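Peer 1: So I've got this file, input_25.cif, and it contains mmCIF, C-alpha atoms:
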data_target
#
loop_
_atom_site.group_PDB
_atom_site.id
_atom_site.type_symbol
_atom_site.label_atom_id
_atom_site.label_comp_id
_atom_site.auth_asym_id
_atom_site.auth_seq_id
_atom_site.Cartn_x
_atom_site.Cartn_y
_atom_site.Cartn_z
ATOM 1 C CA MET A 9 -7.957 4.611 26.870
ATOM 2 C CA ALA A 10 -4.560 5.112 25.258
ATOM 3 C CA ASN A 11 -3.913 3.778 21.752
ATOM 4 C CA GLY A 12 -0.121 3.827 21.978
ATOM 5 C CA PRO A 13 2.743 4.946 24.206
ATOM 6 C CA VAL A 14 2.068 8.215 26.034
ATOM 7 C CA GLY A 15 3.431 11.189 24.147
ATOM 8 C CA VAL A 16 3.227 13.164 20.937
ATOM 9 C CA TYR A 17 2.669 11.662 17.508
ATOM 10 C CA GLY A 18 3.327 13.804 14.466
ATOM 11 C CA ASP A 19 2.164 13.533 10.912
ATOM 12 C CA VAL A 20 3.507 15.583 8.032
ATOM 13 C CA ASP A 21 1.938 16.220 4.623
ATOM 14 C CA THR A 22 4.953 17.080 2.478
ATOM 15 C CA HIS A 23 5.191 19.308 -0.584
ATOM 16 C CA LYS A 24 8.029 20.785 -2.615
ATOM 17 C CA ASP A 25 8.125 24.126 -0.758
ATOM 18 C CA VAL A 26 6.146 23.607 2.455
ATOM 19 C CA HIS A 27 5.413 20.807 4.907
ATOM 20 C CA VAL A 28 2.192 20.861 6.940
ATOM 21 C CA ALA A 29 2.426 19.130 10.303
ATOM 22 C CA ALA A 30 -0.118 17.977 12.842
ATOM 23 C CA ALA A 31 0.502 16.716 16.358
ATOM 24 C CA VAL A 32 -1.791 14.454 18.351
ATOM 25 C CA ASP A 33 -1.539 12.719 21.706
ATOM 26 C CA GLN A 34 -1.751 8.954 22.257
ATOM 27 C CA ALA A 35 -5.560 9.118 22.272
ATOM 28 C CA GLY A 36 -5.628 10.911 18.916
ATOM 29 C CA ARG A 37 -6.550 14.335 20.327
ATOM 30 C CA LEU A 38 -5.257 17.162 18.155
ATOM 31 C CA LEU A 39 -2.530 19.181 19.894
ATOM 32 C CA GLY A 40 -1.863 21.565 17.019
ATOM 33 C CA THR A 41 -1.047 22.129 13.363
ATOM 34 C CA ALA A 42 1.677 24.239 11.778
ATOM 35 C CA SER A 43 3.422 24.726 8.460
ATOM 36 C CA PHE A 44 7.166 24.784 7.871
ATOM 37 C CA GLY A 45 9.478 25.316 4.929
ATOM 38 C CA ALA A 46 10.986 22.372 3.104
ATOM 39 C CA ASP A 47 14.648 23.029 3.967
ATOM 40 C CA PRO A 48 17.098 21.795 6.637
ATOM 41 C CA ALA A 49 16.560 24.741 9.033
ATOM 42 C CA SER A 50 12.794 24.209 8.839
ATOM 43 C CA TYR A 51 13.169 20.467 9.463
ATOM 44 C CA ARG A 52 14.833 21.382 12.760
ATOM 45 C CA GLU A 53 12.040 23.867 13.560
ATOM 46 C CA LEU A 54 9.381 21.238 12.828
ATOM 47 C CA GLN A 55 11.127 18.685 15.050
ATOM 48 C CA GLU A 56 11.512 21.239 17.862
ATOM 49 C CA TRP A 57 7.848 22.261 17.564
ATOM 50 C CA LEU A 58 6.706 18.649 17.886
ATOM 51 C CA SER A 59 9.123 17.952 20.755
ATOM 52 C CA GLY A 60 7.952 21.098 22.537
ATOM 53 C CA LEU A 61 4.473 19.590 22.838
ATOM 54 C CA GLY A 62 5.709 16.595 24.846
ATOM 55 C CA PRO A 63 7.771 13.432 24.450
ATOM 56 C CA LEU A 64 7.933 12.710 20.715
ATOM 57 C CA VAL A 65 7.038 9.061 20.065
ATOM 58 C CA ARG A 66 6.795 8.794 16.278
ATOM 59 C CA VAL A 67 6.305 10.901 13.149
ATOM 60 C CA GLY A 68 4.419 9.787 10.050
ATOM 61 C CA VAL A 69 5.793 11.392 6.887
ATOM 62 C CA GLU A 70 4.157 11.361 3.448
ATOM 63 C CA GLY A 71 6.439 11.059 0.452
ATOM 64 C CA THR A 72 9.606 9.782 2.130
ATOM 65 C CA GLY A 73 10.985 8.919 -1.294
ATOM 66 C CA SER A 74 10.310 12.368 -2.759
ATOM 67 C CA SER A 75 9.286 15.680 -1.144
ATOM 68 C CA GLY A 76 9.557 14.254 2.382
ATOM 69 C CA ALA A 77 12.950 12.573 1.967
ATOM 70 C CA GLY A 78 14.979 15.382 3.530
ATOM 71 C CA LEU A 79 12.677 15.644 6.547
ATOM 72 C CA CYS A 80 12.681 11.869 6.959
ATOM 73 C CA ARG A 81 16.501 11.758 6.908
ATOM 74 C CA HIS A 82 16.709 14.609 9.432
ATOM 75 C CA LEU A 83 14.273 12.986 11.848
ATOM 76 C CA ARG A 84 16.006 9.612 11.662
ATOM 77 C CA ARG A 85 19.423 11.252 12.111
ATOM 78 C CA VAL A 86 18.289 12.816 15.420
ATOM 79 C CA GLY A 87 16.771 9.541 16.643
ATOM 80 C CA VAL A 88 13.068 10.072 15.921
ATOM 81 C CA GLU A 89 11.101 7.011 14.831
ATOM 82 C CA VAL A 90 9.630 7.641 11.367
ATOM 83 C CA ALA A 91 6.788 5.795 9.634
ATOM 84 C CA GLU A 92 5.997 6.342 5.985
ATOM 85 C CA VAL A 93 2.398 7.405 5.460
ATOM 86 C CA VAL A 94 1.105 5.939 2.231
ATOM 87 C CA ARG A 95 -0.596 8.682 0.250
ATOM 88 C CA PRO A 96 -4.305 8.123 -0.194
ATOM 89 C CA ASN A 97 -5.734 7.790 -3.679
ATOM 90 C CA ARG A 98 -5.660 11.309 -5.216
ATOM 91 C CA GLN A 99 -9.102 10.987 -6.772
ATOM 92 C CA MET A 100 -10.592 9.953 -3.418
ATOM 93 C CA ARG A 101 -8.786 12.803 -1.602
ATOM 94 C CA ARG A 102 -10.199 15.387 -3.999
ATOM 95 C CA ARG A 103 -13.709 13.959 -3.731
ATOM 96 C CA ARG A 104 -13.548 14.338 0.040
ATOM 97 C CA GLY A 105 -12.282 17.913 -0.186
ATOM 98 C CA LYS A 106 -8.695 17.276 0.847
ATOM 99 C CA SER A 107 -6.876 20.286 2.212
ATOM 100 C CA ASP A 108 -3.325 20.533 3.469
ATOM 101 C CA TRP A 109 -4.600 21.177 6.995
ATOM 102 C CA ALA A 110 -7.020 18.244 6.950
ATOM 103 C CA SER A 111 -4.600 15.694 5.521
ATOM 104 C CA PRO A 112 -2.099 15.519 8.387
ATOM 105 C CA THR A 113 -4.790 15.520 11.047
ATOM 106 C CA ALA A 114 -6.584 12.655 9.326
ATOM 107 C CA ALA A 115 -3.467 10.484 9.286
ATOM 108 C CA GLY A 116 -1.817 11.988 12.354
ATOM 109 C CA ARG A 117 -2.925 9.386 14.822
ATOM 110 C CA PRO A 118 -0.685 7.128 16.811
ATOM 111 C CA THR A 119 0.771 4.778 14.220
ATOM 112 C CA ASP A 120 -0.687 1.826 16.114
ATOM 113 C CA THR A 121 -4.159 2.943 15.010
ATOM 114 C CA THR A 122 -3.184 3.648 11.403
ATOM 115 C CA ALA A 123 -1.098 0.564 10.753
ATOM 116 C CA ALA A 124 -2.816 -0.070 7.430
ATOM 117 C CA ALA A 125 -1.751 3.364 6.193
ATOM 118 C CA THR A 126 1.874 3.222 7.331
ATOM 119 C CA ARG A 127 4.920 1.095 6.853
ATOM 120 C CA SER A 128 8.441 1.176 8.176
ATOM 121 C CA THR A 129 10.849 3.410 6.306
ATOM 122 C CA GLY A 130 13.828 1.163 6.955
ATOM 123 C CA LEU A 131 14.315 0.318 3.266
ATOM 124 C CA THR A 132 12.703 3.288 1.540
ATOM 125 C CA GLY A 133 13.944 6.529 0.022
ATOM 126 C CA CYS A 134 14.683 8.471 3.172
ATOM 127 C CA GLY A 135 17.688 6.263 3.925
#
Could you express the structure from this file as structure tokens?
Peer 2:
Amino acid sequence: MANGPVGVYGDVDTHKDVHVAAAVDQAGRLLGTASFGADPASYRELQEWLSGLGPLVRVGVEGTGSSGAGLCRHLRRVGVEVAEVVRPNRQMRRRRGKSDWASPTAAGRPTDTTAAATRSTGLTGCG
């Protein structure tokens, strides 16, 4: 049973120098993970990687007001729907053994199924 429109959903854990992305299908099945630089050329590469996996429905981005702002702006500029992923409590992430590869796959589900962890970026820092 599908949890959202058919296609690819991305989720990106952003950092100052590298962004770690995960892609899932509408049922939440992992399609792949990859890391990209945090610069305009890499934003394009990340978008092309996600789009190469199928029709890109939506991308969840952590830190749209800080380390993910540039990626968020790029994705919105090329017409990709972006949802801000609210960062989990740092203490809780560390207790669970958070890793950069685990973080995007945990949140990288169709936004319909992670509504409590996302909100529209219409009025936030990615502008």
Peer 1: Starting from the shown file, work through the PyMOL selection byres ((chain A and resi 62-75) around 6) and note down what comes out as a ChimeraX atom specification.
Peer 2: /A:15-24,59-61,76-77,89-93,133-134
Peer 1: Could you save the residues just selected, with C-alpha atoms, as a PDB file, in the frame of the given file?
Peer 2:
ATOM      1  CA  GLY A  15       3.431  11.189  24.147  1.00  0.00           C
ATOM      2  CA  VAL A  16       3.227  13.164  20.937  1.00  0.00           C
ATOM      3  CA  TYR A  17       2.669  11.662  17.508  1.00  0.00           C
ATOM      4  CA  GLY A  18       3.327  13.804  14.466  1.00  0.00           C
ATOM      5  CA  ASP A  19       2.164  13.533  10.912  1.00  0.00           C
ATOM      6  CA  VAL A  20       3.507  15.583   8.032  1.00  0.00           C
ATOM      7  CA  ASP A  21       1.938  16.220   4.623  1.00  0.00           C
ATOM      8  CA  THR A  22       4.953  17.080   2.478  1.00  0.00           C
ATOM      9  CA  HIS A  23       5.191  19.308  -0.584  1.00  0.00           C
ATOM     10  CA  LYS A  24       8.029  20.785  -2.615  1.00  0.00           C
ATOM     11  CA  SER A  59       9.123  17.952  20.755  1.00  0.00           C
ATOM     12  CA  GLY A  60       7.952  21.098  22.537  1.00  0.00           C
ATOM     13  CA  LEU A  61       4.473  19.590  22.838  1.00  0.00           C
ATOM     14  CA  GLY A  76       9.557  14.254   2.382  1.00  0.00           C
ATOM     15  CA  ALA A  77      12.950  12.573   1.967  1.00  0.00           C
ATOM     16  CA  GLU A  89      11.101   7.011  14.831  1.00  0.00           C
ATOM     17  CA  VAL A  90       9.630   7.641  11.367  1.00  0.00           C
ATOM     18  CA  ALA A  91       6.788   5.795   9.634  1.00  0.00           C
ATOM     19  CA  GLU A  92       5.997   6.342   5.985  1.00  0.00           C
ATOM     20  CA  VAL A  93       2.398   7.405   5.460  1.00  0.00           C
ATOM     21  CA  GLY A 133      13.944   6.529   0.022  1.00  0.00           C
ATOM     22  CA  CYS A 134      14.683   8.471   3.172  1.00  0.00           C
TER      23      CYS A 134
END
Peer 1: What is the atom CA of A:Gly78 to atom CA of A:Gly45 distance in Å?
Peer 2: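 So the two atoms, atom CA of A:Gly78 and atom CA of A:Gly45, lie 11.4 Å apart.
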Peer 1: List the spatial neighbours of A:Phe44 as a PyMOL selection string - criterion: any atom at most 7 Å away, only C-alpha atoms, same-chain residues fewer than 6 positions off excluded.
Peer 2: chain A and resi 26-28+50+54
Peer 1: Would you work out the distance separating atom CA of A:Gly36 from atom CA of A:Arg81, expressed in Å to one decimal?
Peer 2: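 A separation of 25.2 Å between them.
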Peer 1: Point out the residue among A:Leu79, A:Val86, A:Val14, A:Val94 with the least atom-to-atom distance to A:Tyr51, counting only C-alpha atoms.
Peer 2: A:Leu79
Peer 1: Please measure the separation of atom CA of A:Leu39 and atom CA of A:Trp57, giving the value in Å to one decimal.
Peer 2: 11.1 Å
